[in-house]
file target.pdb (PDB, C-alpha atoms)
ATOM      1  CA  MET A  25      27.126  21.512  31.055
ATOM      2  CA  PRO A  26      28.517  18.251  32.403
ATOM      3  CA  PHE A  27      27.910  15.046  30.529
ATOM      4  CA  ARG A  28      25.326  12.788  32.091
ATOM      5  CA  ARG A  29      25.704   9.599  30.030
ATOM      6  CA  TYR A  30      29.109   8.013  29.551
ATOM      7  CA  VAL A  31      30.367   5.311  27.266
ATOM      8  CA  GLU A  32      31.348   2.570  29.690
ATOM      9  CA  VAL A  33      31.211  -1.169  29.967
ATOM     10  CA  GLY A  34      27.573  -1.983  30.576
ATOM     11  CA  ARG A  35      26.059   1.131  28.951
ATOM     12  CA  VAL A  36      22.962   0.275  26.896
ATOM     13  CA  CYS A  37      22.830   2.151  23.592
ATOM     14  CA  MET A  38      20.541   2.365  20.623
ATOM     15  CA  VAL A  39      22.051   1.987  17.171
ATOM     16  CA  ASN A  40      21.063   5.033  15.135
ATOM     17  CA  PHE A  41      22.516   4.185  11.737
ATOM     18  CA  GLY A  42      23.006   1.257   9.435
ATOM     19  CA  PRO A  43      21.490  -2.224   9.190
ATOM     20  CA  MET A  44      21.068  -2.439  12.963
ATOM     21  CA  TYR A  45      19.059   0.763  13.152
ATOM     22  CA  GLY A  46      16.766   0.896  16.186
ATOM     23  CA  LYS A  47      18.302  -2.052  17.989
ATOM     24  CA  LEU A  48      19.510  -1.942  21.575
ATOM     25  CA  VAL A  49      23.099  -3.009  22.276
ATOM     26  CA  VAL A  50      25.317  -3.125  25.345
ATOM     27  CA  VAL A  51      28.901  -1.817  25.357
ATOM     28  CA  VAL A  52      30.998  -4.794  26.368
ATOM     29  CA  ASP A  53      34.476  -3.333  25.842
ATOM     30  CA  ILE A  54      36.190  -0.218  24.548
ATOM     31  CA  ILE A  55      38.413  -0.801  21.513
ATOM     32  CA  ASP A  56      39.843   2.650  20.939
ATOM     33  CA  GLN A  57      38.774   6.285  20.753
ATOM     34  CA  ASN A  58      36.383   5.559  17.867
ATOM     35  CA  ARG A  59      35.051   2.072  18.339
ATOM     36  CA  ALA A  60      33.476  -0.070  21.000
ATOM     37  CA  LEU A  61      32.716  -3.753  21.191
ATOM     38  CA  VAL A  62      28.960  -4.243  21.503
ATOM     39  CA  ASP A  63      26.735  -7.244  22.084
ATOM     40  CA  PHE A  64      23.146  -8.168  22.900
ATOM     41  CA  THR A  65      20.900 -11.228  22.918
ATOM     42  CA  GLY A  66      20.158 -12.326  19.384
ATOM     43  CA  MET A  67      23.141 -10.749  17.670
ATOM     44  CA  GLU A  68      26.817 -11.430  17.081
ATOM     45  CA  ARG A  69      29.335  -9.542  19.143
ATOM     46  CA  GLN A  70      30.831  -6.853  16.940
ATOM     47  CA  GLN A  71      32.676  -3.569  16.844
ATOM     48  CA  ILE A  72      30.771  -0.396  16.168
ATOM     49  CA  ASN A  73      31.673   3.259  15.817
ATOM     50  CA  TYR A  74      30.481   5.617  18.584
ATOM     51  CA  LYS A  75      28.941   7.774  15.886
ATOM     52  CA  ARG A  76      26.420   5.011  15.291
ATOM     53  CA  LEU A  77      25.435   4.804  18.950
ATOM     54  CA  SER A  78      22.945   6.876  20.897
ATOM     55  CA  LEU A  79      23.511   6.422  24.632
ATOM     56  CA  THR A  80      20.538   5.643  26.835
ATOM     57  CA  ASP A  81      20.112   6.079  30.578
ATOM     58  CA  ILE A  82      20.178   2.342  31.175
ATOM     59  CA  THR A  83      23.333   0.602  32.395
ATOM     60  CA  ILE A  84      23.861  -2.985  33.446
ATOM     61  CA  ASP A  85      26.409  -4.572  35.705
ATOM     62  CA  ILE A  86      28.861  -6.685  33.728
ATOM     63  CA  PRO A  87      32.610  -7.237  33.863
ATOM     64  CA  LYS A  88      34.749  -6.100  30.935
ATOM     65  CA  ALA A  89      34.434  -8.494  27.939
ATOM     66  CA  ALA A  90      31.730 -10.493  29.679
ATOM     67  CA  SER A  91      30.764 -13.769  28.081
ATOM     68  CA  LYS A  92      27.513 -14.113  26.199
ATOM     69  CA  LYS A  93      26.042 -16.125  29.068
ATOM     70  CA  GLU A  94      26.925 -13.511  31.675
ATOM     71  CA  LEU A  95      25.632 -10.776  29.410
ATOM     72  CA  ARG A  96      22.295 -12.487  28.894
ATOM     73  CA  ALA A  97      21.888 -13.026  32.641
ATOM     74  CA  ALA A  98      22.736  -9.400  33.398
ATOM     75  CA  ILE A  99      20.315  -8.104  30.750
ATOM     76  CA  GLU A 100      17.482 -10.152  32.213
ATOM     77  CA  ALA A 101      18.369  -9.141  35.763
ATOM     78  CA  ALA A 102      18.336  -5.448  34.900
ATOM     79  CA  GLU A 103      15.090  -5.806  32.881
ATOM     80  CA  VAL A 104      16.542  -3.725  30.076
ATOM     81  CA  GLN A 105      13.720  -4.365  27.613
ATOM     82  CA  SER A 106      10.913  -3.348  29.977
ATOM     83  CA  LYS A 107      12.832  -0.281  31.194
ATOM     84  CA  TRP A 108      13.367   0.729  27.581
ATOM     85  CA  GLU A 109       9.724   0.324  26.638
ATOM     86  CA  ALA A 110       8.673   2.284  29.712
ATOM     87  CA  SER A 111      10.954   5.208  28.896
ATOM     88  CA  SER A 112       9.544   8.049  26.806
ATOM     89  CA  TRP A 113      12.244   7.515  24.163
ATOM     90  CA  GLY A 114      11.412   3.835  23.828
ATOM     91  CA  ARG A 115       7.688   4.533  23.724
ATOM     92  CA  LYS A 116       8.170   7.119  20.954
ATOM     93  CA  LEU A 117      10.043   4.574  18.838
ATOM     94  CA  LEU A 118       7.280   2.001  19.336
ATOM     95  CA  ILE A 119       4.658   4.539  18.275
ATOM     96  CA  GLN A 120       6.714   5.475  15.209
ATOM     97  CA  LYS A 121       6.907   1.800  14.224
ATOM     98  CA  LYS A 122       3.172   1.335  14.734
ATOM     99  CA  ARG A 123       2.346   4.402  12.648
ATOM    100  CA  ALA A 124       4.589   3.259   9.819
ATOM    101  CA  ALA A 125       2.813  -0.086   9.704
ATOM    102  CA  LEU A 126      -0.738   1.277   9.627
ATOM    103  CA  THR A 127      -2.926   0.220   6.731
ATOM    104  CA  ASP A 128      -5.135   2.655   4.807
ATOM    105  CA  PHE A 129      -8.244   1.476   6.683
ATOM    106  CA  GLU A 130      -6.544   1.886  10.061
ATOM    107  CA  ARG A 131      -5.420   5.387   9.137
ATOM    108  CA  PHE A 132      -9.013   6.221   8.252
ATOM    109  CA  LYS A 133     -10.280   4.864  11.584
ATOM    110  CA  ILE A 134      -7.716   6.926  13.485
ATOM    111  CA  ALA A 135      -8.572  10.078  11.548
ATOM    112  CA  THR A 136     -12.272   9.531  12.286
ATOM    113  CA  ALA A 137     -11.572   8.993  15.977
ATOM    114  CA  ARG A 138      -9.462  12.163  16.148
ATOM    115  CA  SER A 139     -12.111  14.336  14.537
ATOM    116  CA  GLN A 140     -14.819  12.884  16.810
ATOM    117  CA  LYS A 141     -12.653  13.578  19.846
ATOM    118  CA  ALA A 142     -12.030  17.140  18.675
ATOM    119  CA  LYS A 143     -15.750  17.680  18.172
ATOM    120  CA  ALA A 144     -16.501  16.357  21.646
ATOM    121  CA  VAL A 145     -13.870  18.623  23.178
ATOM    122  CA  LYS A 146     -15.194  21.650  21.313
ATOM    123  CA  LYS A 147     -18.710  20.850  22.416
ATOM    124  CA  ALA A 148     -17.651  20.509  26.038
ATOM    125  CA  LEU A 149     -15.823  23.826  25.969
ATOM    126  CA  ALA A 150     -18.632  25.689  24.245
TER     127      ALA A 150
ATOM    128  CA  MET S 139      28.523 -24.413 -45.938
ATOM    129  CA  ALA S 140      26.888 -21.986 -48.384
ATOM    130  CA  GLU S 141      25.271 -24.790 -50.420
ATOM    131  CA  ALA S 142      22.912 -25.813 -47.672
ATOM    132  CA  THR S 143      21.486 -22.292 -47.126
ATOM    133  CA  ALA S 144      21.448 -20.871 -50.694
ATOM    134  CA  PRO S 145      17.932 -21.062 -52.222
ATOM    135  CA  LYS S 146      17.407 -22.573 -55.684
ATOM    136  CA  SER S 147      16.050 -19.362 -57.163
ATOM    137  CA  TYR S 148      15.855 -15.762 -56.164
ATOM    138  CA  SER S 149      12.457 -14.183 -56.716
ATOM    139  CA  LEU S 150      12.398 -10.693 -58.300
ATOM    140  CA  ASP S 151       9.435  -9.638 -56.155
ATOM    141  CA  ALA S 152      10.130  -8.860 -52.585
ATOM    142  CA  VAL S 153       8.659 -11.667 -50.552
ATOM    143  CA  LYS S 154       7.573 -10.813 -47.081
ATOM    144  CA  LYS S 155       8.666 -13.324 -44.547
ATOM    145  CA  PRO S 156       6.205 -13.846 -41.735
ATOM    146  CA  LEU S 157       7.617 -13.188 -38.273
ATOM    147  CA  LYS S 158       8.471 -16.397 -36.539
ATOM    148  CA  ARG S 159       7.070 -15.192 -33.250
ATOM    149  CA  ALA S 160       3.555 -13.881 -33.679
ATOM    150  CA  ARG S 161       2.455 -11.544 -30.890
ATOM    151  CA  VAL S 162      -0.165 -13.043 -28.664
ATOM    152  CA  ASN S 163      -2.320 -10.847 -26.482
ATOM    153  CA  ARG S 164      -2.313 -12.137 -22.969
ATOM    154  CA  PRO S 165      -4.161 -10.588 -20.036
ATOM    155  CA  SER S 166      -1.880  -8.715 -17.679
ATOM    156  CA  LYS S 167      -0.690 -10.659 -14.688
ATOM    157  CA  LEU S 168      -2.797  -9.916 -11.638
ATOM    158  CA  ARG S 169      -0.820  -8.645  -8.672
ATOM    159  CA  THR S 170      -0.791 -11.140  -5.797
ATOM    160  CA  SER S 171      -2.074  -8.406  -3.507
ATOM    161  CA  ILE S 172      -5.331  -8.252  -5.501
ATOM    162  CA  THR S 173      -7.822 -11.018  -4.679
ATOM    163  CA  PRO S 174     -11.642 -11.022  -4.921
ATOM    164  CA  GLY S 175     -12.884  -8.712  -2.205
ATOM    165  CA  THR S 176      -9.797  -6.513  -1.985
ATOM    166  CA  VAL S 177     -10.498  -2.831  -1.479
ATOM    167  CA  LEU S 178      -8.758  -0.882  -4.251
ATOM    168  CA  ILE S 179      -8.041   2.832  -4.487
ATOM    169  CA  ILE S 180      -8.691   4.161  -7.996
ATOM    170  CA  LEU S 181      -6.066   6.696  -8.965
ATOM    171  CA  ALA S 182      -7.340   8.276 -12.173
ATOM    172  CA  GLY S 183     -10.526   9.124 -13.976
ATOM    173  CA  ARG S 184     -13.823  10.458 -12.680
ATOM    174  CA  ASP S 185     -13.622   8.117  -9.690
ATOM    175  CA  LYS S 186     -10.113   9.018  -8.647
ATOM    176  CA  GLY S 187      -9.487   8.587  -4.953
ATOM    177  CA  LYS S 188     -12.490   6.331  -4.476
ATOM    178  CA  ARG S 189     -12.197   3.079  -2.609
ATOM    179  CA  VAL S 190     -13.929   0.237  -4.426
ATOM    180  CA  VAL S 191     -14.281  -3.512  -4.081
ATOM    181  CA  PHE S 192     -12.521  -5.809  -6.568
ATOM    182  CA  LEU S 193     -14.619  -8.628  -8.031
ATOM    183  CA  LYS S 194     -12.648 -10.384 -10.740
ATOM    184  CA  GLN S 195     -10.213  -9.928 -13.599
ATOM    185  CA  LEU S 196     -11.753  -9.977 -17.090
ATOM    186  CA  GLU S 197     -10.237 -11.616 -20.169
ATOM    187  CA  SER S 198      -8.904  -8.307 -21.433
ATOM    188  CA  GLY S 199      -6.886  -7.943 -18.230
ATOM    189  CA  LEU S 200      -9.034  -5.150 -16.827
ATOM    190  CA  LEU S 201     -10.369  -5.452 -13.307
ATOM    191  CA  LEU S 202     -14.105  -5.644 -12.629
ATOM    192  CA  VAL S 203     -14.965  -3.508  -9.608
ATOM    193  CA  THR S 204     -18.048  -2.216  -7.864
ATOM    194  CA  GLY S 205     -18.477   0.664  -5.343
ATOM    195  CA  PRO S 206     -20.869  -0.768  -4.103
ATOM    196  CA  PHE S 207     -23.047   1.752  -5.908
ATOM    197  CA  LYS S 208     -25.142   2.746  -2.884
ATOM    198  CA  VAL S 209     -21.996   3.506  -0.915
ATOM    199  CA  ASN S 210     -19.912   5.589  -3.281
ATOM    200  CA  ARG S 211     -21.729   5.823  -6.640
ATOM    201  CA  VAL S 212     -19.266   3.593  -8.449
ATOM    202  CA  PRO S 213     -21.204   1.092 -10.585
ATOM    203  CA  LEU S 214     -19.997  -2.230 -11.938
ATOM    204  CA  ARG S 215     -17.113  -0.977 -13.963
ATOM    205  CA  ARG S 216     -13.784  -1.928 -15.464
ATOM    206  CA  VAL S 217     -10.561  -0.446 -14.207
ATOM    207  CA  ASN S 218      -6.981  -0.872 -15.329
ATOM    208  CA  GLN S 219      -4.721  -2.588 -12.844
ATOM    209  CA  ARG S 220      -2.046   0.044 -13.312
ATOM    210  CA  TYR S 221      -4.313   2.849 -12.110
ATOM    211  CA  VAL S 222      -5.090   1.203  -8.839
ATOM    212  CA  ILE S 223      -3.548   0.825  -5.379
ATOM    213  CA  ALA S 224      -4.417  -2.439  -3.670
ATOM    214  CA  THR S 225      -5.054  -2.084   0.056
ATOM    215  CA  SER S 226      -4.784  -4.925   2.504
ATOM    216  CA  THR S 227      -8.448  -4.604   3.479
ATOM    217  CA  LYS S 228     -10.665  -7.435   2.210
ATOM    218  CA  VAL S 229     -14.442  -7.688   1.950
ATOM    219  CA  ASP S 230     -16.302 -10.976   1.654
ATOM    220  CA  VAL S 231     -17.687 -11.139  -1.898
ATOM    221  CA  SER S 232     -18.262 -14.899  -2.069
ATOM    222  CA  GLY S 233     -22.021 -14.342  -1.992
ATOM    223  CA  SER S 234     -22.072 -12.401  -5.264
ATOM    224  CA  ASP S 235     -22.189 -14.161  -8.612
ATOM    225  CA  VAL S 236     -20.038 -12.350 -11.161
ATOM    226  CA  ALA S 237     -19.594 -15.121 -13.731
ATOM    227  CA  LYS S 238     -21.871 -13.502 -16.295
ATOM    228  CA  PHE S 239     -19.843 -10.283 -16.574
ATOM    229  CA  ASP S 240     -17.244 -10.072 -19.296
ATOM    230  CA  ASP S 241     -15.773  -7.456 -21.626
ATOM    231  CA  SER S 242     -18.655  -7.630 -24.138
ATOM    232  CA  TYR S 243     -21.061  -6.583 -21.341
ATOM    233  CA  PHE S 244     -19.226  -3.289 -21.130
ATOM    234  CA  ALA S 245     -18.735  -2.703 -24.840
ATOM    235  CA  GLY S 246     -20.415   0.589 -25.756
ATOM    236  CA  GLU S 247     -23.194   0.791 -28.326
ATOM    237  CA  GLN S 248     -22.039   1.725 -31.808
ATOM    238  CA  LYS S 249     -23.220   5.276 -32.488
ATOM    239  CA  LYS S 250     -24.606   5.991 -35.911
ATOM    240  CA  LYS S 251     -23.320   9.182 -37.444
ATOM    241  CA  GLU S 252     -26.407  11.042 -38.559
ATOM    242  CA  LYS S 253     -26.061  13.348 -41.476
ATOM    243  CA  LYS S 254     -27.024  16.838 -40.428
ATOM    244  CA  SER S 255     -29.244  19.001 -42.532
ATOM    245  CA  GLU S 256     -28.127  22.547 -43.263
ATOM    246  CA  GLY S 257     -30.287  24.042 -40.570
ATOM    247  CA  GLU S 258     -29.125  21.631 -37.949
ATOM    248  CA  PHE S 259     -25.523  22.103 -38.847
ATOM    249  CA  PHE S 260     -25.416  25.524 -37.237
ATOM    250  CA  GLU S 261     -27.228  24.433 -34.138
ATOM    251  CA  THR S 262     -25.202  23.638 -31.079
ATOM    252  CA  GLU S 263     -24.842  19.949 -30.502
ATOM    253  CA  LYS S 264     -27.705  18.490 -28.570
ATOM    254  CA  LYS S 265     -26.383  16.177 -25.942
ATOM    255  CA  GLU S 266     -28.582  13.151 -25.469
ATOM    256  CA  LYS S 267     -28.918  12.207 -21.880
ATOM    257  CA  LYS S 268     -27.455   8.799 -21.254
ATOM    258  CA  VAL S 269     -30.038   6.487 -19.737
ATOM    259  CA  VAL S 270     -28.894   3.497 -17.736
ATOM    260  CA  SER S 271     -30.858   0.402 -18.701
ATOM    261  CA  GLN S 272     -32.943  -1.371 -16.114
ATOM    262  CA  ALA S 273     -30.983  -4.550 -16.799
ATOM    263  CA  ARG S 274     -27.804  -2.821 -15.657
ATOM    264  CA  LYS S 275     -29.498  -1.568 -12.521
ATOM    265  CA  ASP S 276     -30.798  -5.040 -11.725
ATOM    266  CA  ASP S 277     -27.355  -6.562 -12.237
ATOM    267  CA  GLN S 278     -25.877  -3.906  -9.978
ATOM    268  CA  ALA S 279     -28.380  -4.633  -7.211
ATOM    269  CA  ALA S 280     -27.903  -8.375  -7.508
ATOM    270  CA  VAL S 281     -24.148  -8.089  -7.075
ATOM    271  CA  ASP S 282     -24.189  -5.373  -4.437
ATOM    272  CA  ASP S 283     -26.744  -6.828  -2.014
ATOM    273  CA  LYS S 284     -24.441  -9.476  -0.611
ATOM    274  CA  ILE S 285     -21.472  -7.135  -0.579
ATOM    275  CA  LEU S 286     -23.401  -4.472   1.325
ATOM    276  CA  ALA S 287     -24.283  -7.048   3.973
ATOM    277  CA  ALA S 288     -20.596  -7.908   4.366
ATOM    278  CA  VAL S 289     -19.675  -4.215   4.514
ATOM    279  CA  ALA S 290     -22.275  -3.527   7.191
ATOM    280  CA  SER S 291     -20.840  -6.213   9.449
ATOM    281  CA  GLU S 292     -17.474  -4.449   9.805
ATOM    282  CA  PRO S 293     -17.521  -1.205  11.822
ATOM    283  CA  LEU S 294     -16.575   1.951   9.882
ATOM    284  CA  LEU S 295     -16.051   0.005   6.641
ATOM    285  CA  LYS S 296     -19.023   1.707   4.974
ATOM    286  CA  GLU S 297     -17.701   5.146   5.946
ATOM    287  CA  TYR S 298     -14.269   4.082   4.694
ATOM    288  CA  LEU S 299     -15.630   3.109   1.286
ATOM    289  CA  SER S 300     -17.643   6.335   1.024
ATOM    290  CA  ALA S 301     -14.614   8.505   1.707
ATOM    291  CA  ARG S 302     -12.093   9.421  -0.942
ATOM    292  CA  PHE S 303      -8.389   8.857  -0.493
ATOM    293  CA  SER S 304      -6.156  11.908  -0.649
ATOM    294  CA  LEU S 305      -2.653  12.947   0.281
ATOM    295  CA  THR S 306      -2.035  15.678   2.812
ATOM    296  CA  SER S 307       1.062  17.502   3.950
ATOM    297  CA  GLY S 308       3.637  15.174   5.389
ATOM    298  CA  ASP S 309       2.309  12.030   3.726
ATOM    299  CA  LYS S 310       4.976   9.915   2.108
ATOM    300  CA  PRO S 311       3.144   7.501  -0.202
ATOM    301  CA  HIS S 312       6.277   5.511  -0.933
ATOM    302  CA  ARG S 313       6.619   4.808   2.785
ATOM    303  CA  MET S 314       2.931   4.205   3.472
ATOM    304  CA  GLN S 315       1.506   0.764   3.953
ATOM    305  CA  PHE S 316      -1.781   0.249   2.186
TER     306      PHE S 316
END
call {"tool": "encode", "arguments": {"input": "target.pdb", "output": "C-alpha cells"}}
result
Amino acid sequence: MPFRRYVEVGRVCMVNFGPMYGKLVVVVDIIDQNRALVDFTGMERQQINYKRLSLTDITIDIPKAASKKELRAAIEAAEVQSKWEASSWGRKLLIQKKRAALTDFERFKIATARSQKAKAVKKALA
Amino acid sequence: MAEATAPKSYSLDAVKKPLKRARVNRPSKLRTSITPGTVLIILAGRDKGKRVVFLKQLESGLLLVTGPFKVNRVPLRRVNQRYVIATSTKVDVSGSDVAKFDDSYFAGEQKKKEKKSEGEFFETEKKEKKVVSQARKDDQAAVDDKILAAVASEPLLKEYLSARFSLTSGDKPHRMQF
C-alpha cells in the first residue's frame, strides 16, 4: 500500500506522547531521520521525534523554517483549527475530552437519556 | 555543664513525668470540596452508594447529612468524611436551620442489661423493634422541606438522589470527575 501522508514542511500533526499530548503542531523543518522541528501558535518552536507525531491530512503552505509570523498567518489562512474539529479524528478527541470531564450528575443524566432513547426505539419497533 | 542539670536528690520511687505535649482532639479538617449543600456519595455502611446532601460538620468531625428522607430513605445522620466522595453538585440548603443538631443529639440511649431468669435464659433473644421518636421525625421534616423544594427546582436532581452510585465495567474511578 502506498503511503498517503508524508512528513513534509507544512504537515500538521498531532502529538501523541509526552507533555504536549493532544496538541496540534506544524512541521517547520526536518532535522534528521528521527527528528523534526515543529511549531504552532502558543508554543515554543522545538524539535520532536517522529515517534511522538501522528500525521493528519491537513497541510499548510509555508516555506522551510518559516518565521513565527508567517506560520501564524498560514495557519489562519488554512483554517487548521476548524478543519481539525470538523474531521472525525478531531471530533473523537473532543468527545473523549468531554466524557473525561463529566461530573457524576452529568453521567447520570446521560445514562437516563440513553435508556429513555432505547425504550423509545424498542417501542417504535415493536 | 553537669551541675546545672543534675537534680539535688534522686527519688527511689519511679516518678512519672507528664508528657510535655498533651494530645488534643481536634475535628478533622473538612475538605474544601465539601460545603453545605454538596451532594456526597456514601461509600460504606447500610447506605453505601447513596447520594446524600451535606449539611454541616459536627464538633466530633463527623459530617451531618440528610437524604432527604423522602427521596432516598437516609435520615439526618452522621457520616465520616473518609467514607464519602464529594461530588461537584450543590443543592441550596440555606433555608434549613441545622444549628440545633450536634453530636449529643445522635448519642444512643444507654441500654440497661437486664438480668435474665433461668427460663428466659434459654429463650432466643427477643429483638425489640426500634421506634423512631416523633421528635426525630419532626426535625427531619423541618430540615427536609426546604431542601426538597430546592431539589424539585433542578431537573432530574430528585432522580439522581434516589439512585445509587455503582461502578460498571470500564469505569476508572481514579480518572472520573465527581
call {"tool": "interface_residues", "arguments": {"input": "target.pdb", "of": "chain S", "to": "chain A", "cutoff": "10 Å", "atoms": "only C-alpha atoms", "output": "list in words"}}
result
Val177, Ile179, Ala224, Thr225, Ser226, Thr227, Pro293, Leu294, Leu295, Glu297, Tyr298, Leu299, Ala301, Phe303, Arg313, Met314, Gln315 and Phe316 of chain S
call {"tool": "closest_residue", "arguments": {"input": "target.pdb", "among": "S:Val212, S:Val190, S:Ala287, S:Leu181", "to": "Ser232 of chain S", "atoms": "all atoms listed in the file"}}
result
S:Ala287
call {"tool": "atom_distance", "arguments": {"input": "target.pdb", "atom1": "atom CA of Thr306 of chain S", "atom2": "atom CA of Pro213 of chain S"}}
result
27.6 Å
call {"tool": "resolve_selection", "arguments": {"input": "target.pdb", "expression": "the PyMOL selection byres ((chain A and resi 98) around 12)", "output": "short mmCIF file (atom, residue, chain, number, x, y, z; two decimals) with C-alpha atoms, in the frame of the given file"}}
result
data_model
loop_
_atom_site.label_atom_id
_atom_site.label_comp_id
_atom_site.auth_asym_id
_atom_site.auth_seq_id
_atom_site.Cartn_x
_atom_site.Cartn_y
_atom_site.Cartn_z
CA GLY A 34 27.57 -1.98 30.58
CA ARG A 35 26.06 1.13 28.95
CA VAL A 36 22.96 0.28 26.90
CA VAL A 50 25.32 -3.12 25.34
CA VAL A 52 31.00 -4.79 26.37
CA PHE A 64 23.15 -8.17 22.90
CA THR A 65 20.90 -11.23 22.92
CA THR A 83 23.33 0.60 32.40
CA ILE A 84 23.86 -2.98 33.45
CA ASP A 85 26.41 -4.57 35.70
CA ILE A 86 28.86 -6.68 33.73
CA PRO A 87 32.61 -7.24 33.86
CA ALA A 90 31.73 -10.49 29.68
CA SER A 91 30.76 -13.77 28.08
CA LYS A 92 27.51 -14.11 26.20
CA LYS A 93 26.04 -16.12 29.07
CA GLU A 94 26.92 -13.51 31.68
CA LEU A 95 25.63 -10.78 29.41
CA ARG A 96 22.30 -12.49 28.89
CA ALA A 97 21.89 -13.03 32.64
CA ILE A 99 20.32 -8.10 30.75
CA GLU A 100 17.48 -10.15 32.21
CA ALA A 101 18.37 -9.14 35.76
CA ALA A 102 18.34 -5.45 34.90
CA GLU A 103 15.09 -5.81 32.88
CA VAL A 104 16.54 -3.72 30.08
CA GLN A 105 13.72 -4.36 27.61
#
call {"tool": "residues_around", "arguments": {"input": "target.pdb", "residues": "Leu77 of chain A", "least_positions_apart": "2", "cutoff": "9 Å", "atoms": "only C-alpha atoms", "output": "CSV table (one decimal) with C-alpha atoms, in the coordinates of the input"}}
result
chain,number,residue,atom,x,y,z
A,37,CYS,CA,22.8,2.2,23.6
A,38,MET,CA,20.5,2.4,20.6
A,39,VAL,CA,22.1,2.0,17.2
A,40,ASN,CA,21.1,5.0,15.1
A,41,PHE,CA,22.5,4.2,11.7
A,49,VAL,CA,23.1,-3.0,22.3
A,72,ILE,CA,30.8,-0.4,16.2
A,73,ASN,CA,31.7,3.3,15.8
A,74,TYR,CA,30.5,5.6,18.6
A,75,LYS,CA,28.9,7.8,15.9
A,79,LEU,CA,23.5,6.4,24.6
